[in-house]
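Asker: Below you'll find model-v1.pdb; it's PDB, C-alpha atoms, pLDDT in the B column.
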ATOM      1  CA  MET L   1      93.982  97.850  75.723  1.00 71.00           C
ATOM      2  CA  THR L   2      92.068 100.866  76.986  1.00 76.00           C
ATOM      3  CA  TYR L   3      89.559 100.579  79.793  1.00 79.00           C
ATOM      4  CA  ALA L   4      86.479 102.753  79.958  1.00 84.00           C
ATOM      5  CA  VAL L   5      86.440 103.915  83.559  1.00 86.00           C
ATOM      6  CA  PRO L   6      84.036 106.569  84.778  1.00 90.00           C
ATOM      7  CA  ARG L   7      85.640 109.748  86.073  1.00 93.00           C
ATOM      8  CA  MET L   8      85.426 110.444  89.774  1.00 94.00           C
ATOM      9  CA  THR L   9      82.735 112.757  91.028  1.00 94.00           C
ATOM     10  CA  PRO L  10      83.986 115.789  92.960  1.00 93.00           C
ATOM     11  CA  GLU L  11      83.081 114.016  96.213  1.00 96.00           C
ATOM     12  CA  GLU L  12      84.924 110.842  95.163  1.00 95.00           C
ATOM     13  CA  GLY L  13      87.949 112.860  94.087  1.00 95.00           C
ATOM     14  CA  GLU L  14      87.996 114.739  97.380  1.00 96.00           C
ATOM     15  CA  ALA L  15      87.841 111.483  99.367  1.00 95.00           C
ATOM     16  CA  TRP L  16      90.531 109.861  97.212  1.00 95.00           C
ATOM     17  CA  LEU L  17      92.912 112.821  97.453  1.00 96.00           C
ATOM     18  CA  GLY L  18      92.280 113.023 101.205  1.00 96.00           C
ATOM     19  CA  LEU L  19      93.219 109.379 101.610  1.00 95.00           C
ATOM     20  CA  LEU L  20      96.373 109.868  99.517  1.00 96.00           C
ATOM     21  CA  ARG L  21      97.326 112.892 101.625  1.00 96.00           C
ATOM     22  CA  VAL L  22      97.025 110.928 104.871  1.00 96.00           C
ATOM     23  CA  CYS L  23      98.837 107.895 103.390  1.00 94.00           C
ATOM     24  CA  ASN L  24     101.708 110.150 102.301  1.00 95.00           C
ATOM     25  CA  LEU L  25     101.986 112.336 105.411  1.00 96.00           C
ATOM     26  CA  LEU L  26     101.364 109.932 108.302  1.00 96.00           C
ATOM     27  CA  PRO L  27     104.333 107.569 107.728  1.00 94.00           C
ATOM     28  CA  SER L  28     106.838 110.427 107.607  1.00 95.00           C
ATOM     29  CA  GLU L  29     105.403 111.944 110.807  1.00 96.00           C
ATOM     30  CA  LEU L  30     105.671 108.595 112.591  1.00 96.00           C
ATOM     31  CA  ASP L  31     109.198 108.115 111.256  1.00 96.00           C
ATOM     32  CA  ALA L  32     110.240 111.588 112.407  1.00 97.00           C
ATOM     33  CA  GLN L  33     108.870 111.059 115.915  1.00 97.00           C
ATOM     34  CA  LEU L  34     110.513 107.678 116.370  1.00 97.00           C
ATOM     35  CA  SER L  35     113.809 108.884 114.924  1.00 97.00           C
ATOM     36  CA  ARG L  36     113.852 111.959 117.155  1.00 97.00           C
ATOM     37  CA  ASP L  37     112.718 110.240 120.362  1.00 96.00           C
ATOM     38  CA  SER L  38     114.089 106.721 119.997  1.00 95.00           C
ATOM     39  CA  GLY L  39     116.671 106.653 117.204  1.00 96.00           C
ATOM     40  CA  MET L  40     114.713 104.140 115.146  1.00 96.00           C
ATOM     41  CA  THR L  41     112.580 104.212 112.035  1.00 96.00           C
ATOM     42  CA  HIS L  42     108.904 103.379 111.940  1.00 95.00           C
ATOM     43  CA  TYR L  43     109.767 100.247 109.966  1.00 96.00           C
ATOM     44  CA  GLU L  44     112.308  99.155 112.612  1.00 97.00           C
ATOM     45  CA  PHE L  45     109.674  99.747 115.304  1.00 97.00           C
ATOM     46  CA  GLY L  46     107.174  97.603 113.381  1.00 96.00           C
ATOM     47  CA  LEU L  47     109.691  94.834 112.761  1.00 97.00           C
ATOM     48  CA  MET L  48     110.715  94.745 116.417  1.00 97.00           C
ATOM     49  CA  SER L  49     107.051  94.823 117.508  1.00 96.00           C
ATOM     50  CA  TYR L  50     106.364  91.859 115.249  1.00 96.00           C
ATOM     51  CA  LEU L  51     109.280  89.914 116.738  1.00 97.00           C
ATOM     52  CA  ARG L  52     108.151  90.753 120.260  1.00 97.00           C
ATOM     53  CA  ALA L  53     104.750  89.188 119.539  1.00 96.00           C
ATOM     54  CA  MET L  54     106.240  85.960 118.155  1.00 96.00           C
ATOM     55  CA  PRO L  55     106.964  82.865 120.269  1.00 95.00           C
ATOM     56  CA  GLU L  56     110.452  83.239 121.742  1.00 96.00           C
ATOM     57  CA  SER L  57     110.575  86.661 119.981  1.00 97.00           C
ATOM     58  CA  THR L  58     111.899  84.856 116.889  1.00 97.00           C
ATOM     59  CA  ALA L  59     110.797  84.649 113.248  1.00 96.00           C
ATOM     60  CA  SER L  60     112.291  83.784 109.898  1.00 96.00           C
ATOM     61  CA  MET L  61     113.278  86.573 107.537  1.00 96.00           C
ATOM     62  CA  THR L  62     110.539  85.386 105.163  1.00 95.00           C
ATOM     63  CA  GLU L  63     107.901  85.590 107.903  1.00 94.00           C
ATOM     64  CA  ILE L  64     109.073  89.082 108.816  1.00 96.00           C
ATOM     65  CA  ALA L  65     108.996  90.186 105.169  1.00 95.00           C
ATOM     66  CA  GLU L  66     105.448  88.903 104.736  1.00 92.00           C
ATOM     67  CA  ALA L  67     104.233  90.398 108.016  1.00 91.00           C
ATOM     68  CA  THR L  68     105.772  93.812 107.341  1.00 92.00           C
ATOM     69  CA  ASN L  69     105.046  93.959 103.597  1.00 91.00           C
ATOM     70  CA  ALA L  70     108.744  94.256 102.765  1.00 94.00           C
ATOM     71  CA  THR L  71     111.237  92.531 100.500  1.00 96.00           C
ATOM     72  CA  LEU L  72     113.704  89.987 101.852  1.00 96.00           C
ATOM     73  CA  PRO L  73     116.669  92.261 101.017  1.00 96.00           C
ATOM     74  CA  ARG L  74     115.081  95.100 103.004  1.00 97.00           C
ATOM     75  CA  VAL L  75     114.408  92.847 105.996  1.00 97.00           C
ATOM     76  CA  SER L  76     117.948  91.492 105.853  1.00 96.00           C
ATOM     77  CA  HIS L  77     119.425  94.996 105.669  1.00 97.00           C
ATOM     78  CA  VAL L  78     117.305  96.306 108.558  1.00 97.00           C
ATOM     79  CA  CYS L  79     118.030  93.240 110.709  1.00 97.00           C
ATOM     80  CA  ARG L  80     121.753  93.638 110.034  1.00 97.00           C
ATOM     81  CA  ARG L  81     121.508  97.286 111.147  1.00 97.00           C
ATOM     82  CA  LEU L  82     119.505  96.335 114.263  1.00 98.00           C
ATOM     83  CA  GLU L  83     121.964  93.540 115.018  1.00 98.00           C
ATOM     84  CA  GLY L  84     124.800  96.067 114.899  1.00 97.00           C
ATOM     85  CA  ARG L  85     122.979  98.045 117.606  1.00 97.00           C
ATOM     86  CA  GLY L  86     122.411  94.916 119.714  1.00 98.00           C
ATOM     87  CA  LEU L  87     118.618  95.015 119.280  1.00 98.00           C
ATOM     88  CA  VAL L  88     118.212  91.894 117.139  1.00 98.00           C
ATOM     89  CA  GLU L  89     120.241  88.714 116.837  1.00 98.00           C
ATOM     90  CA  LYS L  90     120.427  86.868 113.524  1.00 97.00           C
ATOM     91  CA  SER L  91     120.897  83.110 113.341  1.00 96.00           C
ATOM     92  CA  ILE L  92     120.376  80.087 111.127  1.00 96.00           C
ATOM     93  CA  SER L  93     117.302  77.928 111.704  1.00 92.00           C
ATOM     94  CA  PRO L  94     118.212  74.658 113.403  1.00 89.00           C
ATOM     95  CA  ALA L  95     115.388  72.981 111.456  1.00 89.00           C
ATOM     96  CA  ASP L  96     116.533  74.218 108.033  1.00 92.00           C
ATOM     97  CA  ARG L  97     120.000  75.679 107.603  1.00 92.00           C
ATOM     98  CA  ARG L  98     118.836  77.592 104.494  1.00 92.00           C
ATOM     99  CA  VAL L  99     116.535  79.730 106.638  1.00 94.00           C
ATOM    100  CA  SER L 100     117.770  82.878 108.391  1.00 95.00           C
ATOM    101  CA  MET L 101     116.110  83.826 111.657  1.00 97.00           C
ATOM    102  CA  ALA L 102     115.930  87.009 113.696  1.00 97.00           C
ATOM    103  CA  THR L 103     115.371  87.245 117.439  1.00 98.00           C
ATOM    104  CA  LEU L 104     114.566  90.344 119.440  1.00 98.00           C
ATOM    105  CA  THR L 105     117.228  90.699 122.148  1.00 98.00           C
ATOM    106  CA  ALA L 106     116.602  91.827 125.727  1.00 98.00           C
ATOM    107  CA  ALA L 107     118.099  95.207 124.760  1.00 98.00           C
ATOM    108  CA  GLY L 108     115.754  95.345 121.762  1.00 98.00           C
ATOM    109  CA  ARG L 109     112.760  94.614 123.986  1.00 98.00           C
ATOM    110  CA  ARG L 110     113.814  97.400 126.373  1.00 98.00           C
ATOM    111  CA  GLU L 111     114.218  99.893 123.496  1.00 97.00           C
ATOM    112  CA  LEU L 112     110.837  98.927 122.093  1.00 97.00           C
ATOM    113  CA  ILE L 113     109.192  99.335 125.504  1.00 97.00           C
ATOM    114  CA  ARG L 114     110.881 102.740 125.910  1.00 97.00           C
ATOM    115  CA  ALA L 115     109.766 103.880 122.449  1.00 97.00           C
ATOM    116  CA  THR L 116     106.139 102.776 122.744  1.00 97.00           C
ATOM    117  CA  PRO L 117     104.622 105.487 125.010  1.00 97.00           C
ATOM    118  CA  ARG L 118     105.807 108.418 122.854  1.00 97.00           C
ATOM    119  CA  HIS L 119     104.825 106.539 119.704  1.00 97.00           C
ATOM    120  CA  ILE L 120     101.320 105.986 121.074  1.00 97.00           C
ATOM    121  CA  ALA L 121     101.152 109.649 122.115  1.00 97.00           C
ATOM    122  CA  THR L 122     102.007 110.641 118.534  1.00 97.00           C
ATOM    123  CA  ALA L 123      99.385 108.277 117.097  1.00 96.00           C
ATOM    124  CA  ARG L 124      96.847 109.738 119.518  1.00 97.00           C
ATOM    125  CA  ARG L 125      97.792 113.335 118.655  1.00 97.00           C
ATOM    126  CA  LEU L 126      97.762 112.817 114.892  1.00 97.00           C
ATOM    127  CA  VAL L 127      94.776 110.493 114.540  1.00 97.00           C
ATOM    128  CA  ILE L 128      92.909 109.151 117.562  1.00 97.00           C
ATOM    129  CA  ASP L 129      92.363 112.359 119.568  1.00 97.00           C
ATOM    130  CA  ALA L 130      91.548 114.334 116.401  1.00 97.00           C
ATOM    131  CA  LEU L 131      88.463 112.176 115.831  1.00 97.00           C
ATOM    132  CA  SER L 132      85.198 111.837 117.710  1.00 97.00           C
ATOM    133  CA  PRO L 133      84.100 108.388 118.897  1.00 97.00           C
ATOM    134  CA  GLU L 134      81.706 108.316 115.930  1.00 98.00           C
ATOM    135  CA  ASP L 135      84.535 109.249 113.531  1.00 97.00           C
ATOM    136  CA  LEU L 136      86.699 106.459 114.992  1.00 97.00           C
ATOM    137  CA  ALA L 137      83.888 103.959 114.452  1.00 97.00           C
ATOM    138  CA  HIS L 138      83.631 105.138 110.823  1.00 97.00           C
ATOM    139  CA  LEU L 139      87.412 104.940 110.393  1.00 96.00           C
ATOM    140  CA  SER L 140      87.404 101.374 111.767  1.00 95.00           C
ATOM    141  CA  ARG L 141      84.623 100.374 109.402  1.00 96.00           C
ATOM    142  CA  ILE L 142      86.291 102.049 106.407  1.00 95.00           C
ATOM    143  CA  THR L 143      89.736 100.587 107.074  1.00 93.00           C
ATOM    144  CA  ALA L 144      88.180  97.128 107.510  1.00 92.00           C
ATOM    145  CA  ILE L 145      86.547  97.424 104.070  1.00 93.00           C
ATOM    146  CA  LEU L 146      89.722  98.739 102.422  1.00 93.00           C
ATOM    147  CA  GLY L 147      91.816  96.135 104.240  1.00 89.00           C
ATOM    148  CA  LYS L 148      89.704  93.324 102.799  1.00 90.00           C
ATOM    149  CA  ASN L 149      90.362  94.656  99.286  1.00 91.00           C
ATOM    150  CA  LEU L 150      94.080  95.200  99.859  1.00 89.00           C
ATOM    151  CA  ASP L 151      94.719  92.031 101.884  1.00 84.00           C
ATOM    152  CA  PRO L 152      92.291  89.331 100.705  1.00 83.00           C
ATOM    153  CA  SER L 153      94.591  86.557 101.963  1.00 78.00           C
ATOM    154  CA  HIS L 154      94.675  88.129 105.469  1.00 74.00           C
ATOM    155  CA  ARG L 155      98.477  88.362 105.656  1.00 73.00           C
ATOM    156  CA  PHE L 156      98.013  91.144 108.182  1.00 69.00           C
ATOM    157  CA  GLY L 157      95.361  89.311 110.189  1.00 63.00           C
ATOM    158  CA  PRO L 158      91.583  89.262 109.941  1.00 55.00           C
ATOM    159  CA  ARG L 159      89.835  92.636 110.194  1.00 45.00           C
ATOM    160  CA  GLY L 160      86.142  93.291 110.327  1.00 44.00           C
TER     161      GLY L 160
END
What does the file become when written as structure tokens?

Answerer:
Amino acid sequence: MTYAVPRMTPEEGEAWLGLLRVCNLLPSELDAQLSRDSGMTHYEFGLMSYLRAMPESTASMTEIAEATNATLPRVSHVCRRLEGRGLVEKSISPADRRVSMATLTAAGRRELIRATPRHIATARRLVIDALSPEDLAHLSRITAILGKNLDPSHRFGPRG
């Protein structure tokens, strides 16, 4: 089945390609900074940040996968790697022995706290400080609109 879809105008194409450029370049810049300064990937940082925000710094692998938009095998692999470095501890849920849990350790919390200032500085340098207050307001509005389309069930929390 073929769909009749109107071509993008030059302005629409420019906006679309600009968004793709940022979506492709920003994650690798954040990964490079965290790897260089803290020895962790951006995904590991996000996973550990999620755990830190959870009660008792603990969540099931399924919860982590949903919150980080990852597959269970990826979460399991990353948690195993973090466990090997003493940053996360894996366990079985006392409520349901079929459920694997991950807990951020004290060492993991310290590493996350150490990594955060440079990570924020990078986010500021690459995005926040490059924009005027008006641009930031537009970016917030735009990402809220796009977020509603991409995350209608609010897996990543309500926005705008």

Asker: When you draw a straight line from CA of Met48 in chain L to CA of Leu104 in chain L, how long is it in Å?

Answerer: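 Taking CA of Met48 in chain L as the start and CA of Leu104 in chain L as the end point, the length is 6.6 Å.
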
Asker: Using the chain letters and numbers from the file, give me the residues hit by the PyMOL selection byres ((chain L and resi 111-119) around 8), as a list in words.

Answerer: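 This file, filtered by the PyMOL selection byres ((chain L and resi 111-119) around 8), leaves Leu30, Gln33, Leu34, Asp37, Ser38, Phe45, Met48, Ser49, Leu87, Ala107, Gly108, Arg109, Arg110, Ile120, Ala121, Thr122 and Ala123 of chain L.
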
Asker: Would you mind exporting the chosen residues as a compact mmCIF listing (two decimals), in the coordinates of the input, restricted to C-alpha atoms?

Answerer:
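Dumped to result-v5.txt:
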# COMPACT_ATOMS: atom_id res chain seq x y z
CA LEU L 30 105.67 108.60 112.59
CA GLN L 33 108.87 111.06 115.92
CA LEU L 34 110.51 107.68 116.37
CA ASP L 37 112.72 110.24 120.36
CA SER L 38 114.09 106.72 120.00
CA PHE L 45 109.67 99.75 115.30
CA MET L 48 110.72 94.74 116.42
CA SER L 49 107.05 94.82 117.51
CA LEU L 87 118.62 95.02 119.28
CA ALA L 107 118.10 95.21 124.76
CA GLY L 108 115.75 95.34 121.76
CA ARG L 109 112.76 94.61 123.99
CA ARG L 110 113.81 97.40 126.37
CA ILE L 120 101.32 105.99 121.07
CA ALA L 121 101.15 109.65 122.12
CA THR L 122 102.01 110.64 118.53
CA ALA L 123 99.38 108.28 117.10

Asker: Write out as lines of an AutoDock Vina configuration file an axis-aligned box for range 123-131 of chain L: all of its atoms listed in the file, 5 Å added on each side, centre and edge lengths in Å with one decimal.

Answerer:
center_x = 93.9
center_y = 111.3
center_z = 117.1
size_x = 20.9
size_y = 16.1
size_z = 15.0

Asker: For CA of Thr2 in chain L and CA of Arg21 in chain L, determine how far apart the two atoms are, in Å to one decimal place.

Answerer: 27.9 Å

Asker: For range 61-76 of chain L, list every protein, DNA or RNA residue within 7 Å, evaluated using only C-alpha atoms, and leave out those in the same chain fewer than 6 positions away; present the list as number ranges by chain.

Answerer: L: 47, 100-102, 155-156

Asker: Could you pull the residues within 7 Å of Val99 in chain L, counting all atoms listed in the file, minus those fewer than 5 positions along the same chain, as a list in words?

Answerer: Ser60, Ile92 and Ser93 of chain L

Asker: CA of Arg80 in chain L and CA of Ser153 in chain L are how many Å apart?

Answerer: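 Separating CA of Arg80 in chain L from CA of Ser153 in chain L is a distance of 29.2 Å.
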
Asker: Go through L:Asp151, L:Glu11, L:Asp135, L:Glu56 one by one, measure the shortest atom-to-atom distance of each to Thr105 in chain L using all atoms listed in the file, and give the residue with the smallest value.

Answerer: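 Among the listed residues, L:Glu56 lies closest to Thr105 in chain L.
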
Asker: Write out as a ChimeraX atom specification each polymer residue whose atoms come within 8 Å of Ala32 in chain L, counting only C-alpha atoms; drop sequence neighbours fewer than 4 positions from it.

Answerer: /L:28,36,41

Asker: Under the rule that all atoms listed in the file are counted, which of L:Met1, L:Ala106, L:Ala15, L:Val22 is the nearest residue to Leu51 in chain L?

Answerer: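 The answer is L:Ala106, which sits nearest to Leu51 in chain L.
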
Asker: For a quick check of understanding, using all atoms listed in the file, which of L:Val127, L:Ala4, L:Met40, L:Ala59 has the smallest distance to Leu25 in chain L?

Answerer: L:Val127

Asker: Return the single residue from L:Arg97, L:Gly39, L:Glu89, L:Thr103 that is closest to Thr58 in chain L, with distances computed using all atoms listed in the file.

Answerer: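 That would be L:Thr103, the residue with the smallest distance to Thr58 in chain L.
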
Asker: Measuring atom to atom with all atoms listed in the file, identify which of L:His42, L:His154, L:Thr143, L:Arg85 is nearest to Leu19 in chain L.

Answerer: L:Thr143

Asker: For Ser57 in chain L, which of L:Leu150, L:Val88, L:Ala95, L:Gly18 is the closest residue, counting all atoms listed in the file?

Answerer: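 Closest to Ser57 in chain L of all the choices is L:Val88.
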